[in-house]
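Coordinates from structure38.pdb are shown below (PDB, C-alpha atoms and all ligand atoms).
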```pdb
MODEL        1
ATOM      1  CA  MET A   1      15.299  10.237  -7.549
ATOM      2  CA  ASP A   2      16.603  11.303  -4.176
ATOM      3  CA  VAL A   3      14.146  12.062  -1.388
ATOM      4  CA  ALA A   4      15.988  14.958   0.295
ATOM      5  CA  GLY A   5      13.863  18.110   0.058
ATOM      6  CA  LYS A   6      10.939  16.136  -1.413
ATOM      7  CA  VAL A   7       7.398  15.843  -0.055
ATOM      8  CA  ALA A   8       5.840  12.412   0.526
ATOM      9  CA  PHE A   9       2.149  11.705   1.172
ATOM     10  CA  ILE A  10       1.808   8.389   3.018
ATOM     11  CA  THR A  11      -1.585   6.751   3.532
ATOM     12  CA  GLY A  12      -1.702   4.529   6.583
ATOM     13  CA  GLY A  13       1.455   6.430   7.485
ATOM     14  CA  ALA A  14       0.937   6.554  11.247
ATOM     15  CA  SER A  15       1.462   2.864  12.123
ATOM     16  CA  GLY A  16       3.484  -0.204  11.183
ATOM     17  CA  ILE A  17       5.028  -0.226   7.699
ATOM     18  CA  GLY A  18       3.814   3.256   6.698
ATOM     19  CA  PHE A  19       5.251   4.754   9.874
ATOM     20  CA  GLY A  20       8.555   2.929   9.228
ATOM     21  CA  ILE A  21       8.657   4.414   5.724
ATOM     22  CA  ALA A  22       7.833   7.863   7.163
ATOM     23  CA  ARG A  23      10.666   7.665   9.731
ATOM     24  CA  THR A  24      13.113   6.603   7.017
ATOM     25  CA  LEU A  25      12.088   9.358   4.596
ATOM     26  CA  VAL A  26      12.236  12.071   7.272
ATOM     27  CA  ALA A  27      15.674  10.800   8.395
ATOM     28  CA  ASN A  28      16.783  11.224   4.776
ATOM     29  CA  GLY A  29      15.623  14.810   4.405
ATOM     30  CA  ALA A  30      12.029  14.478   3.153
ATOM     31  CA  ARG A  31       8.942  16.158   4.571
ATOM     32  CA  VAL A  32       6.010  13.822   5.033
ATOM     33  CA  VAL A  33       2.245  14.018   5.273
ATOM     34  CA  LEU A  34       0.857  11.161   7.346
ATOM     35  CA  ALA A  35      -2.721  10.437   6.249
ATOM     36  CA  ASP A  36      -4.436   7.864   8.437
ATOM     37  CA  LEU A  37      -7.876   6.727   9.533
ATOM     38  CA  ARG A  38      -6.920   6.427  13.186
ATOM     39  CA  GLN A  39      -6.492   9.544  15.338
ATOM     40  CA  ASP A  40      -4.686   7.522  18.061
ATOM     41  CA  HIS A  41      -2.083   6.392  15.502
ATOM     42  CA  LEU A  42      -1.703   9.963  14.185
ATOM     43  CA  ASP A  43      -1.239  11.309  17.737
ATOM     44  CA  ASN A  44       1.442   8.677  18.526
ATOM     45  CA  ALA A  45       3.284   9.392  15.289
ATOM     46  CA  ALA A  46       3.139  13.172  15.799
ATOM     47  CA  GLU A  47       4.483  12.716  19.341
ATOM     48  CA  HIS A  48       7.350  10.544  18.009
ATOM     49  CA  PHE A  49       8.488  13.249  15.589
ATOM     50  CA  ALA A  50       7.929  16.083  18.102
ATOM     51  CA  GLN A  51      10.241  14.354  20.612
ATOM     52  CA  ARG A  52      12.970  14.305  17.964
ATOM     53  CA  GLN A  53      12.518  17.991  17.032
ATOM     54  CA  GLU A  54      11.267  16.885  13.612
ATOM     55  CA  ALA A  55       7.666  18.076  13.920
ATOM     56  CA  ARG A  56       8.197  20.819  11.311
ATOM     57  CA  ASN A  57       8.870  18.129   8.679
ATOM     58  CA  VAL A  58       5.671  16.194   9.427
ATOM     59  CA  HIS A  59       1.993  17.021   8.918
ATOM     60  CA  THR A  60      -0.841  14.718   9.979
ATOM     61  CA  ILE A  61      -4.268  14.419   8.344
ATOM     62  CA  ARG A  62      -7.146  12.179   9.376
ATOM     63  CA  LEU A  63      -8.264  10.425   6.191
ATOM     64  CA  ASP A  64     -10.278   7.404   5.130
ATOM     65  CA  VAL A  65      -8.752   6.385   1.785
ATOM     66  CA  THR A  66     -12.118   5.068   0.579
ATOM     67  CA  ASP A  67     -13.506   8.650   0.702
ATOM     68  CA  ARG A  68     -12.542  10.258  -2.631
ATOM     69  CA  ALA A  69     -13.676  13.791  -1.768
ATOM     70  CA  ALA A  70     -11.737  13.635   1.496
ATOM     71  CA  MET A  71      -8.636  12.450  -0.343
ATOM     72  CA  ALA A  72      -8.824  15.410  -2.746
ATOM     73  CA  ALA A  73      -9.185  17.736   0.251
ATOM     74  CA  ALA A  74      -6.178  16.027   1.904
ATOM     75  CA  ALA A  75      -4.116  16.569  -1.262
ATOM     76  CA  ASP A  76      -5.106  20.276  -1.188
ATOM     77  CA  GLU A  77      -4.058  20.441   2.473
ATOM     78  CA  ALA A  78      -0.720  18.768   1.671
ATOM     79  CA  ASP A  79      -0.149  21.267  -1.176
ATOM     80  CA  ALA A  80      -0.962  24.206   1.123
ATOM     81  CA  THR A  81       1.322  22.883   3.878
ATOM     82  CA  PHE A  82       4.454  21.723   2.069
ATOM     83  CA  GLY A  83       3.914  22.580  -1.607
ATOM     84  CA  GLY A  84       3.183  19.800  -4.091
ATOM     85  CA  THR A  85       3.541  16.088  -3.365
ATOM     86  CA  ASP A  86       6.542  14.418  -5.048
ATOM     87  CA  ILE A  87       6.135  10.931  -3.606
ATOM     88  CA  LEU A  88       2.842   9.111  -3.087
ATOM     89  CA  ILE A  89       2.960   6.072  -0.821
ATOM     90  CA  SER A  90      -0.416   4.295  -1.038
ATOM     91  CA  ASN A  91       0.055   2.011   1.909
ATOM     92  CA  ALA A  92      -3.181   2.010   3.945
ATOM     93  CA  GLY A  93      -4.554  -1.497   4.174
ATOM     94  CA  VAL A  94      -6.526  -3.878   6.364
ATOM     95  CA  GLY A  95      -5.671  -7.480   7.270
ATOM     96  CA  LEU A  96      -8.987  -8.947   6.305
ATOM     97  CA  GLU A  97      -9.413 -12.692   6.821
ATOM     98  CA  GLY A  98     -12.194 -15.174   7.533
ATOM     99  CA  ALA A  99     -13.795 -18.378   6.255
ATOM    100  CA  LEU A 100     -14.950 -17.940   2.655
ATOM    101  CA  ALA A 101     -18.351 -19.432   3.577
ATOM    102  CA  GLU A 102     -18.819 -16.584   6.090
ATOM    103  CA  ALA A 103     -17.795 -13.764   3.729
ATOM    104  CA  THR A 104     -20.586 -11.345   2.808
ATOM    105  CA  TYR A 105     -20.761  -8.430   0.367
ATOM    106  CA  ALA A 106     -19.925  -6.140   3.310
ATOM    107  CA  ASP A 107     -16.618  -8.009   3.734
ATOM    108  CA  TRP A 108     -15.752  -8.017   0.033
ATOM    109  CA  ASP A 109     -16.682  -4.332  -0.260
ATOM    110  CA  PHE A 110     -14.642  -3.391   2.818
ATOM    111  CA  GLY A 111     -11.537  -5.356   1.785
ATOM    112  CA  LEU A 112     -11.513  -4.217  -1.825
ATOM    113  CA  ALA A 113     -12.517  -0.602  -1.061
ATOM    114  CA  VAL A 114      -9.519  -0.124   1.239
ATOM    115  CA  ASN A 115      -6.830  -2.475  -0.107
ATOM    116  CA  LEU A 116      -7.486  -1.849  -3.820
ATOM    117  CA  GLY A 117      -9.801   1.196  -3.920
ATOM    118  CA  GLY A 118      -7.477   3.208  -1.670
ATOM    119  CA  VAL A 119      -4.642   2.682  -4.158
ATOM    120  CA  VAL A 120      -6.872   3.603  -7.125
ATOM    121  CA  ASN A 121      -8.036   6.746  -5.312
ATOM    122  CA  GLY A 122      -4.427   7.709  -4.547
ATOM    123  CA  LEU A 123      -3.486   7.301  -8.181
ATOM    124  CA  GLN A 124      -6.460   9.296  -9.481
ATOM    125  CA  THR A 125      -6.001  12.073  -6.908
ATOM    126  CA  PHE A 126      -2.244  12.602  -6.926
ATOM    127  CA  VAL A 127      -0.867  11.633 -10.341
ATOM    128  CA  PRO A 128      -2.686  14.422 -12.271
ATOM    129  CA  ARG A 129      -1.232  16.903  -9.766
ATOM    130  CA  MET A 130       2.263  15.454 -10.241
ATOM    131  CA  ARG A 131       1.857  15.630 -14.019
ATOM    132  CA  ALA A 132       0.650  19.246 -13.850
ATOM    133  CA  ARG A 133       3.696  20.277 -11.799
ATOM    134  CA  GLY A 134       5.965  18.642 -14.362
ATOM    135  CA  THR A 135       8.747  17.838 -11.916
ATOM    136  CA  GLY A 136       8.380  14.044 -11.953
ATOM    137  CA  GLY A 137       7.886  11.980  -8.840
ATOM    138  CA  HIS A 138       7.399   8.478  -7.535
ATOM    139  CA  VAL A 139       4.461   6.254  -6.570
ATOM    140  CA  VAL A 140       4.836   3.351  -4.139
ATOM    141  CA  ASN A 141       1.859   1.022  -3.714
ATOM    142  CA  THR A 142       1.811  -1.448  -0.828
ATOM    143  CA  ALA A 143       0.584  -4.876  -1.944
ATOM    144  CA  SER A 144       1.719  -8.110  -0.261
ATOM    145  CA  LEU A 145       3.437 -11.404  -0.960
ATOM    146  CA  ALA A 146      -0.146 -12.664  -0.542
ATOM    147  CA  GLY A 147      -0.793 -11.213  -4.006
ATOM    148  CA  MET A 148       2.085 -13.203  -5.554
ATOM    149  CA  VAL A 149       1.496 -16.723  -4.264
ATOM    150  CA  VAL A 150      -1.573 -18.980  -4.090
ATOM    151  CA  MET A 151      -3.237 -18.219  -0.748
ATOM    152  CA  PRO A 152      -5.721 -20.304   1.270
ATOM    153  CA  SER A 153      -9.408 -19.402   0.843
ATOM    154  CA  PHE A 154      -9.689 -17.663   4.228
ATOM    155  CA  MET A 155      -7.390 -14.997   2.732
ATOM    156  CA  ALA A 156      -9.271 -14.745  -0.596
ATOM    157  CA  ILE A 157     -10.483 -11.150  -0.213
ATOM    158  CA  TYR A 158      -7.071  -9.948   0.932
ATOM    159  CA  ALA A 159      -5.221 -11.867  -1.818
ATOM    160  CA  THR A 160      -7.617 -10.566  -4.505
ATOM    161  CA  GLY A 161      -7.016  -6.941  -3.575
ATOM    162  CA  LYS A 162      -3.265  -7.350  -3.255
ATOM    163  CA  ALA A 163      -2.863  -9.206  -6.577
ATOM    164  CA  ALA A 164      -4.784  -6.363  -8.204
ATOM    165  CA  VAL A 165      -2.446  -3.780  -6.664
ATOM    166  CA  ILE A 166       0.526  -5.645  -8.154
ATOM    167  CA  ALA A 167      -1.086  -5.731 -11.630
ATOM    168  CA  LEU A 168      -2.048  -2.061 -11.322
ATOM    169  CA  SER A 169       1.494  -1.060 -10.375
ATOM    170  CA  GLU A 170       3.083  -3.096 -13.175
ATOM    171  CA  SER A 171       0.727  -1.773 -15.830
ATOM    172  CA  ILE A 172       0.889   1.956 -15.023
ATOM    173  CA  ARG A 173       4.689   2.064 -15.072
ATOM    174  CA  ASP A 174       5.226   2.862 -18.744
ATOM    175  CA  GLY A 175       2.509   5.551 -18.783
ATOM    176  CA  LEU A 176       3.834   7.344 -15.705
ATOM    177  CA  ALA A 177       7.432   7.108 -16.953
ATOM    178  CA  GLU A 178       6.441   9.518 -19.767
ATOM    179  CA  ASP A 179       6.111  12.190 -17.060
ATOM    180  CA  GLY A 180       9.199  11.152 -15.115
ATOM    181  CA  ILE A 181       7.134   9.434 -12.423
ATOM    182  CA  GLY A 182       8.544   6.142 -11.154
ATOM    183  CA  VAL A 183       6.479   3.269  -9.739
ATOM    184  CA  SER A 184       7.302   0.643  -7.121
ATOM    185  CA  VAL A 185       5.140  -2.053  -5.593
ATOM    186  CA  LEU A 186       5.961  -3.165  -2.064
ATOM    187  CA  CYS A 187       5.238  -6.839  -1.347
ATOM    188  CA  PRO A 188       5.932  -7.479   2.322
ATOM    189  CA  GLY A 189       6.026 -10.758   4.202
ATOM    190  CA  PRO A 190       5.435 -10.656   7.976
ATOM    191  CA  ILE A 191       6.274  -7.206   9.394
ATOM    192  CA  LYS A 192       5.767  -5.966  12.963
ATOM    193  CA  SER A 193       2.642  -3.790  12.859
ATOM    194  CA  ASN A 194      -0.944  -3.358  14.092
ATOM    195  CA  ILE A 195      -2.523  -5.078  11.101
ATOM    196  CA  HIS A 196      -4.398  -7.439  13.455
ATOM    197  CA  GLU A 197      -6.608  -4.454  14.431
ATOM    198  CA  ALA A 198      -8.745  -4.798  11.277
ATOM    199  CA  ALA A 199     -12.029  -4.619  13.220
ATOM    200  CA  GLN A 200     -11.140  -1.165  14.582
ATOM    201  CA  ASN A 201     -10.316   0.040  11.056
ATOM    202  CA  ARG A 202     -13.649  -0.936   9.479
ATOM    203  CA  PRO A 203     -15.527   2.242   8.445
ATOM    204  CA  GLU A 204     -19.128   2.312   9.694
ATOM    205  CA  ARG A 205     -20.747   1.697   6.305
ATOM    206  CA  PHE A 206     -18.969  -1.687   5.921
ATOM    207  CA  ARG A 207     -20.022  -3.035   9.340
ATOM    208  CA  ALA A 208     -23.664  -4.007   8.810
ATOM    209  CA  GLY A 209     -23.988  -7.562   7.511
ATOM    210  CA  SER A 210     -20.333  -8.575   7.982
ATOM    211  CA  GLY A 211     -19.762 -12.303   8.407
ATOM    212  CA  PHE A 212     -16.256 -11.793   9.767
ATOM    213  CA  ALA A 213     -16.993 -10.487  13.295
ATOM    214  CA  ALA A 214     -15.765 -13.697  14.980
ATOM    215  CA  ALA A 215     -12.744 -13.993  12.645
ATOM    216  CA  GLU A 216     -11.793 -10.364  13.336
ATOM    217  CA  GLU A 217     -12.076 -10.990  17.075
ATOM    218  CA  ARG A 218      -9.670 -13.962  16.716
ATOM    219  CA  LEU A 219      -7.310 -11.891  14.555
ATOM    220  CA  SER A 220      -7.261  -9.104  17.159
ATOM    221  CA  GLN A 221      -5.739 -11.588  19.657
ATOM    222  CA  ARG A 222      -2.819 -12.461  17.347
ATOM    223  CA  LYS A 223       0.573 -11.602  18.846
ATOM    224  CA  VAL A 224       3.271  -9.844  16.852
ATOM    225  CA  SER A 225       6.255 -12.214  16.659
ATOM    226  CA  ASP A 226       9.886 -11.230  17.310
ATOM    227  CA  LEU A 227      10.700 -13.097  14.095
ATOM    228  CA  TRP A 228       8.810 -10.574  11.983
ATOM    229  CA  MET A 229      10.719  -7.764  10.273
ATOM    230  CA  GLU A 230      11.058  -4.255  11.711
ATOM    231  CA  PRO A 231       9.143  -1.559   9.754
ATOM    232  CA  ASP A 232      12.309   0.576   9.582
ATOM    233  CA  GLU A 233      14.005  -2.183   7.595
ATOM    234  CA  VAL A 234      11.112  -2.029   5.119
ATOM    235  CA  GLY A 235      11.529   1.748   5.070
ATOM    236  CA  GLN A 236      15.147   1.344   3.957
ATOM    237  CA  MET A 237      14.081  -1.044   1.181
ATOM    238  CA  VAL A 238      11.454   1.418  -0.054
ATOM    239  CA  LEU A 239      13.975   4.271   0.062
ATOM    240  CA  GLY A 240      16.347   2.254  -2.160
ATOM    241  CA  ALA A 241      13.537   1.453  -4.610
ATOM    242  CA  ILE A 242      12.556   5.138  -4.892
ATOM    243  CA  ARG A 243      16.158   6.182  -5.462
ATOM    244  CA  GLU A 244      16.722   3.558  -8.172
ATOM    245  CA  ASN A 245      13.137   3.416  -9.523
ATOM    246  CA  ARG A 246      12.893  -0.339  -8.940
ATOM    247  CA  LEU A 247       9.471  -1.910  -9.566
ATOM    248  CA  TYR A 248       9.412  -4.791  -7.076
ATOM    249  CA  VAL A 249      10.233  -4.437  -3.383
ATOM    250  CA  ILE A 250       9.977  -7.893  -1.810
ATOM    251  CA  THR A 251      10.932  -8.123   1.837
ATOM    252  CA  HIS A 252      11.254 -11.900   2.308
ATOM    253  CA  GLY A 253      12.750 -14.852   0.403
ATOM    254  CA  GLU A 254      10.787 -17.487   2.329
ATOM    255  CA  TRP A 255       8.023 -17.604  -0.304
ATOM    256  CA  ARG A 256      10.393 -18.076  -3.253
ATOM    257  CA  ASP A 257       9.375 -21.752  -3.704
ATOM    258  CA  ALA A 258       5.699 -20.787  -3.676
ATOM    259  CA  VAL A 259       6.291 -18.155  -6.389
ATOM    260  CA  VAL A 260       8.239 -20.718  -8.465
ATOM    261  CA  ALA A 261       5.475 -23.337  -8.034
ATOM    262  CA  ARG A 262       2.775 -20.903  -9.177
ATOM    263  CA  THR A 263       4.851 -19.692 -12.133
ATOM    264  CA  ASP A 264       5.629 -23.306 -13.139
ATOM    265  CA  ALA A 265       1.917 -24.192 -12.997
ATOM    266  CA  ILE A 266       1.047 -21.193 -15.216
ATOM    267  CA  LEU A 267       3.772 -22.093 -17.737
ATOM    268  CA  ALA A 268       2.639 -25.753 -17.743
ATOM    269  CA  ALA A 269      -0.875 -24.623 -18.677
ATOM    270  CA  MET A 270       0.350 -22.286 -21.447
ATOM    271  CA  PRO A 271       0.644 -23.602 -25.038
ATOM    272  CA  THR A 272       4.174 -23.408 -26.463
ATOM    273  CA  SER A 273       3.039 -22.658 -30.030
ATOM    274  CA  VAL A 274       3.305 -19.008 -31.147
ATOM    275  CA  ASN A 275       1.505 -17.450 -34.147
ATOM    276  CA  GLN A 276       3.832 -14.604 -35.212
ATOM    277  CA  GLU A 277       1.194 -13.176 -37.549
ATOM    278  CA  LEU A 278      -1.205 -12.795 -34.617
ATOM    279  CA  ILE A 279       1.454 -10.988 -32.566
ATOM    280  CA  ALA A 280       2.302  -8.637 -35.445
ATOM    281  CA  SER A 281      -1.380  -7.791 -36.029
ATOM    282  CA  LEU A 282      -1.913  -6.985 -32.318
ATOM    283  CA  ARG A 283       1.209  -4.770 -32.254
ATOM    284  CA  ALA A 284      -0.037  -2.906 -35.332
ATOM    285  CA  HIS A 285      -3.283  -1.991 -33.562
ATOM    286  CA  ARG A 286      -1.671  -0.628 -30.415
TER     287      ARG A 286
HETATM  288  N1  LIG B   1       2.363  -6.320   8.462
HETATM  289  C1  LIG B   1       2.453  -7.249   7.569
HETATM  290  O1  LIG B   1       2.900  -8.351   7.886
HETATM  291  C2  LIG B   1       2.045  -6.989   6.141
HETATM  292  C3  LIG B   1       2.340  -7.957   5.186
HETATM  293  C4  LIG B   1       1.990  -7.730   3.852
HETATM  294  C5  LIG B   1       1.353  -6.543   3.513
HETATM  295  N2  LIG B   1       1.054  -5.616   4.474
HETATM  296  C6  LIG B   1       0.390  -4.380   4.043
HETATM  297  O2  LIG B   1       1.103  -3.277   4.555
HETATM  298  C7  LIG B   1       0.228  -2.146   4.640
HETATM  299  C8  LIG B   1       0.414  -1.499   6.005
HETATM  300  O3  LIG B   1      -0.078  -2.373   7.008
HETATM  301  P1  LIG B   1       0.639  -2.598   8.407
HETATM  302  O4  LIG B   1       0.977  -4.016   8.509
HETATM  303  O5  LIG B   1       1.674  -1.575   8.639
HETATM  304  O6  LIG B   1      -0.633  -2.393   9.390
HETATM  305  P2  LIG B   1      -1.007  -1.246  10.433
HETATM  306  O7  LIG B   1      -2.407  -1.539  10.830
HETATM  307  O8  LIG B   1       0.024  -1.156  11.502
HETATM  308  O9  LIG B   1      -0.938   0.084   9.568
HETATM  309  C9  LIG B   1      -1.932   0.394   8.631
HETATM  310  C10 LIG B   1      -2.405   1.814   8.858
HETATM  311  O10 LIG B   1      -3.424   2.067   7.886
HETATM  312  C11 LIG B   1      -4.470   2.761   8.531
HETATM  313  N3  LIG B   1      -5.724   2.536   7.808
HETATM  314  C12 LIG B   1      -6.512   1.440   7.799
HETATM  315  N4  LIG B   1      -7.596   1.652   7.027
HETATM  316  C13 LIG B   1      -7.471   2.914   6.535
HETATM  317  C14 LIG B   1      -8.289   3.708   5.707
HETATM  318  N5  LIG B   1      -9.470   3.270   5.224
HETATM  319  N6  LIG B   1      -7.854   4.950   5.384
HETATM  320  C15 LIG B   1      -6.674   5.425   5.874
HETATM  321  N7  LIG B   1      -5.887   4.725   6.706
HETATM  322  C16 LIG B   1      -6.277   3.474   7.023
HETATM  323  C17 LIG B   1      -4.525   2.211   9.947
HETATM  324  O11 LIG B   1      -5.133   3.124  10.841
HETATM  325  C18 LIG B   1      -3.033   2.016  10.236
HETATM  326  O12 LIG B   1      -2.485   3.164  10.881
HETATM  327  C19 LIG B   1      -1.159  -2.683   4.382
HETATM  328  O13 LIG B   1      -1.529  -2.375   3.047
HETATM  329  C20 LIG B   1      -1.007  -4.172   4.569
HETATM  330  O14 LIG B   1      -1.969  -4.906   3.838
HETATM  331  C21 LIG B   1       1.383  -5.817   5.773
ENDMDL
END
```

Could you take the file, read its structure, and then write that structure out as structure tokens?
Amino acid sequence: MDVAGKVAFITGGASGIGFGIARTLVANGARVVLADLRQDHLDNAAEHFAQRQEARNVHTIRLDVTDRAAMAAAADEADATFGGTDILISNAGVGLEGALAEATYADWDFGLAVNLGGVVNGLQTFVPRMRARGTGGHVVNTASLAGMVVMPSFMAIYATGKAAVIALSESIRDGLAEDGIGVSVLCPGPIKSNIHEAAQNRPERFRAGSGFAAAEERLSQRKVSDLWMEPDEVGQMVLGAIRENRLYVITHGEWRDAVVARTDAILAAMPTSVNQELIASLRAHR
């Protein structure tokens, strides 16, 4: 589907990748709702569009994607502002990392509530509204290449959430297609953004008992490299995937060998024998 004249709701839309997607969609005729936890990011993004005389095509909402009631209220606000949402971009995420031995329930709950739960909440909030309107649409979920390759244990919480977002996106595609709703999953490599600011993006209820305070302090010092991709380039890739309803959007080829190695290891562990009767019986019960 084309994006001109459409309305997109972008979580984490006021910084980094989400902001790059927002700029690309607005430049191609869409109106966007930027839903973000951080008021400073929302203010910067609003200022960016105001300077370009594009403020009328952009609406900002402060939202924590882990808060389901607030997300429903944000969807109502988006409906009231621009009419119904055609494109949902569930992109809000946090760059959680730290030694596995230091991870506590607070860290697991924080990482999974935002990086996976935020995507689930987007799906549950927006897809019924899209279905009810009956005009189709598109869902883009931001995962990561970290969900496709075997990651080191200090990234376990992040990798777990991102792998789940990939599986979620793959498995909902046939069901949403029945209502003309496409699905894409964005798997970025290194992109210029503020993802190192995880500590500032930790909602209050996930702070007590965290074992990652020192790791988050180290992460906050990380410098964004010139070698990393520009968010606007990612925006163009996402635009193409929406237009052509492509499932996978993978920004980098540098992890190709790692994907091959993992796939080879899975195939090596999988028996080659196939019981056709078993397959037929499972198909019959679908
Ligand atoms: N930058 C990368 O290299 C990279 C690589 C792979 C995947 N990703 C993924 O891309 C997505 C965007 O991240 P980014 O790199 O642009 O980082 P970013 O920090 O620049 O942008 C993320 C935005 O999400 C917002 N946010 C965080 N928690 C939120 C919450 N609970 N509710 C609503 N908004 C929230 C932040 O305020 C921020 O504006 C994330 O899902 C991230 O995991 C990024």

(request) Translate the PyMOL selection byres (((not hetatm)) within 7 of (chain B and resi 1)), as applied to the file shown, into an explicit residue set as a PyMOL selection string. (result) chain A and resi 11-18+35-38+41+63-66+91-95+114-115+142-146+187-197+201+203

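The closest residue to Thr135 in chain A, picked from A:Gln221, A:Gly84, A:Ala159, A:Arg56 and counting all atoms listed in the file, is A:Gly84.
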
(request) Check which residues satisfy the PyMOL selection byres (((chain A and resi 149-154) around 10) and not hetatm) in the file shown, then give them as a PyMOL selection string. (result) chain A and resi 96-103+144-148+155-160+163+215+255-263

(request) Go through A:Thr85, A:Gln236, A:Ser184, A:Thr272 one by one, measure the shortest atom-to-atom distance of each to Ile21 in chain A using only C-alpha atoms, and give the residue with the smallest value. (result) A:Gln236

(request) One decimal, Å: what's the distance from CA of Leu88 in chain A over to CA of Phe9 in chain A, could you say? (result) 5.0 Å

Using only C-alpha atoms, which residues of range 39-154 of chain A come within 10 Å of range 168-179 of chain A, and what is the closest atom pair for each, with the distance in Å to one decimal? Give it as JSON lines, sorted by chain and residue number.
```
{"residue": "A:Leu116", "atom": "CA", "partner": "A:Leu168", "partner_atom": "CA", "distance": 9.3}
{"residue": "A:Val119", "atom": "CA", "partner": "A:Leu168", "partner_atom": "CA", "distance": 9.0}
{"residue": "A:Val120", "atom": "CA", "partner": "A:Leu168", "partner_atom": "CA", "distance": 8.5}
{"residue": "A:Leu123", "atom": "CA", "partner": "A:Ile172", "partner_atom": "CA", "distance": 9.7}
{"residue": "A:Val127", "atom": "CA", "partner": "A:Leu176", "partner_atom": "CA", "distance": 8.3}
{"residue": "A:Met130", "atom": "CA", "partner": "A:Asp179", "partner_atom": "CA", "distance": 8.5}
{"residue": "A:Arg131", "atom": "CA", "partner": "A:Asp179", "partner_atom": "CA", "distance": 6.3}
{"residue": "A:Ala132", "atom": "CA", "partner": "A:Asp179", "partner_atom": "CA", "distance": 9.5}
{"residue": "A:Arg133", "atom": "CA", "partner": "A:Asp179", "partner_atom": "CA", "distance": 9.9}
{"residue": "A:Gly134", "atom": "CA", "partner": "A:Asp179", "partner_atom": "CA", "distance": 7.0}
{"residue": "A:Thr135", "atom": "CA", "partner": "A:Asp179", "partner_atom": "CA", "distance": 8.1}
{"residue": "A:Gly136", "atom": "CA", "partner": "A:Asp179", "partner_atom": "CA", "distance": 5.9}
{"residue": "A:Gly137", "atom": "CA", "partner": "A:Asp179", "partner_atom": "CA", "distance": 8.4}
{"residue": "A:His138", "atom": "CA", "partner": "A:Leu176", "partner_atom": "CA", "distance": 9.0}
{"residue": "A:Val139", "atom": "CA", "partner": "A:Ser169", "partner_atom": "CA", "distance": 8.8}
{"residue": "A:Val140", "atom": "CA", "partner": "A:Ser169", "partner_atom": "CA", "distance": 8.3}
{"residue": "A:Asn141", "atom": "CA", "partner": "A:Ser169", "partner_atom": "CA", "distance": 7.0}
{"residue": "A:Thr142", "atom": "CA", "partner": "A:Ser169", "partner_atom": "CA", "distance": 9.6}
{"residue": "A:Ala143", "atom": "CA", "partner": "A:Ser169", "partner_atom": "CA", "distance": 9.3}
```

(message) Taking 6 positions as the minimum chain separation for residues in the same chain, which residues sit within 9 Å of Gly29 in chain A when counting all atoms listed in the file? Answer as a ChimeraX atom specification.
(response) /A:3-6,57

(request) Step by step, work through what the PyMOL selection byres (((chain A and resi 244) around 12) and not hetatm) selects in the shown file, and finish by giving those residues as a PyMOL selection string. (result) chain A and resi 1-3+138+182-184+237-243+245-249

(message) Between CA of Val26 in chain A and CA of Val58 in chain A, what is the distance in Å, rounded to a tenth?
(response) 8.0 Å

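Rounded to one decimal, CA of Ala46 in chain A and CA of Leu186 in chain A lie 24.4 Å from each other.
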
For range 221-231 of chain A, supply N, CA and C atoms and format the output as a tab-separated table (two decimals), keeping the file's coordinate frame.
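Produced file rebuild.tsv, reproduced below:
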```tsv
chain	number	residue	atom	x	y	z
A	221	GLN	N	-6.52	-10.96	18.57
A	221	GLN	CA	-5.74	-11.59	19.66
A	221	GLN	C	-4.34	-12.00	19.19
A	222	ARG	N	-4.09	-11.96	17.88
A	222	ARG	CA	-2.82	-12.46	17.35
A	222	ARG	C	-1.65	-11.62	17.88
A	223	LYS	N	-0.60	-12.31	18.30
A	223	LYS	CA	0.57	-11.60	18.85
A	223	LYS	C	1.59	-11.34	17.74
A	224	VAL	N	2.20	-10.17	17.80
A	224	VAL	CA	3.27	-9.84	16.85
A	224	VAL	C	4.52	-10.62	17.27
A	225	SER	N	5.10	-11.37	16.34
A	225	SER	CA	6.26	-12.21	16.66
A	225	SER	C	7.57	-11.44	16.55
A	226	ASP	N	8.55	-11.82	17.40
A	226	ASP	CA	9.89	-11.23	17.31
A	226	ASP	C	10.56	-11.58	15.99
A	227	LEU	N	10.07	-12.65	15.35
A	227	LEU	CA	10.70	-13.10	14.10
A	227	LEU	C	10.31	-12.21	12.91
A	228	TRP	N	9.26	-11.42	13.09
A	228	TRP	CA	8.81	-10.57	11.98
A	228	TRP	C	9.75	-9.38	11.82
A	229	MET	N	9.77	-8.83	10.62
A	229	MET	CA	10.72	-7.76	10.27
A	229	MET	C	10.31	-6.42	10.89
A	230	GLU	N	11.31	-5.61	11.20
A	230	GLU	CA	11.06	-4.26	11.71
A	230	GLU	C	10.61	-3.34	10.56
A	231	PRO	N	9.61	-2.49	10.80
A	231	PRO	CA	9.14	-1.56	9.75
A	231	PRO	C	10.25	-0.64	9.22
```
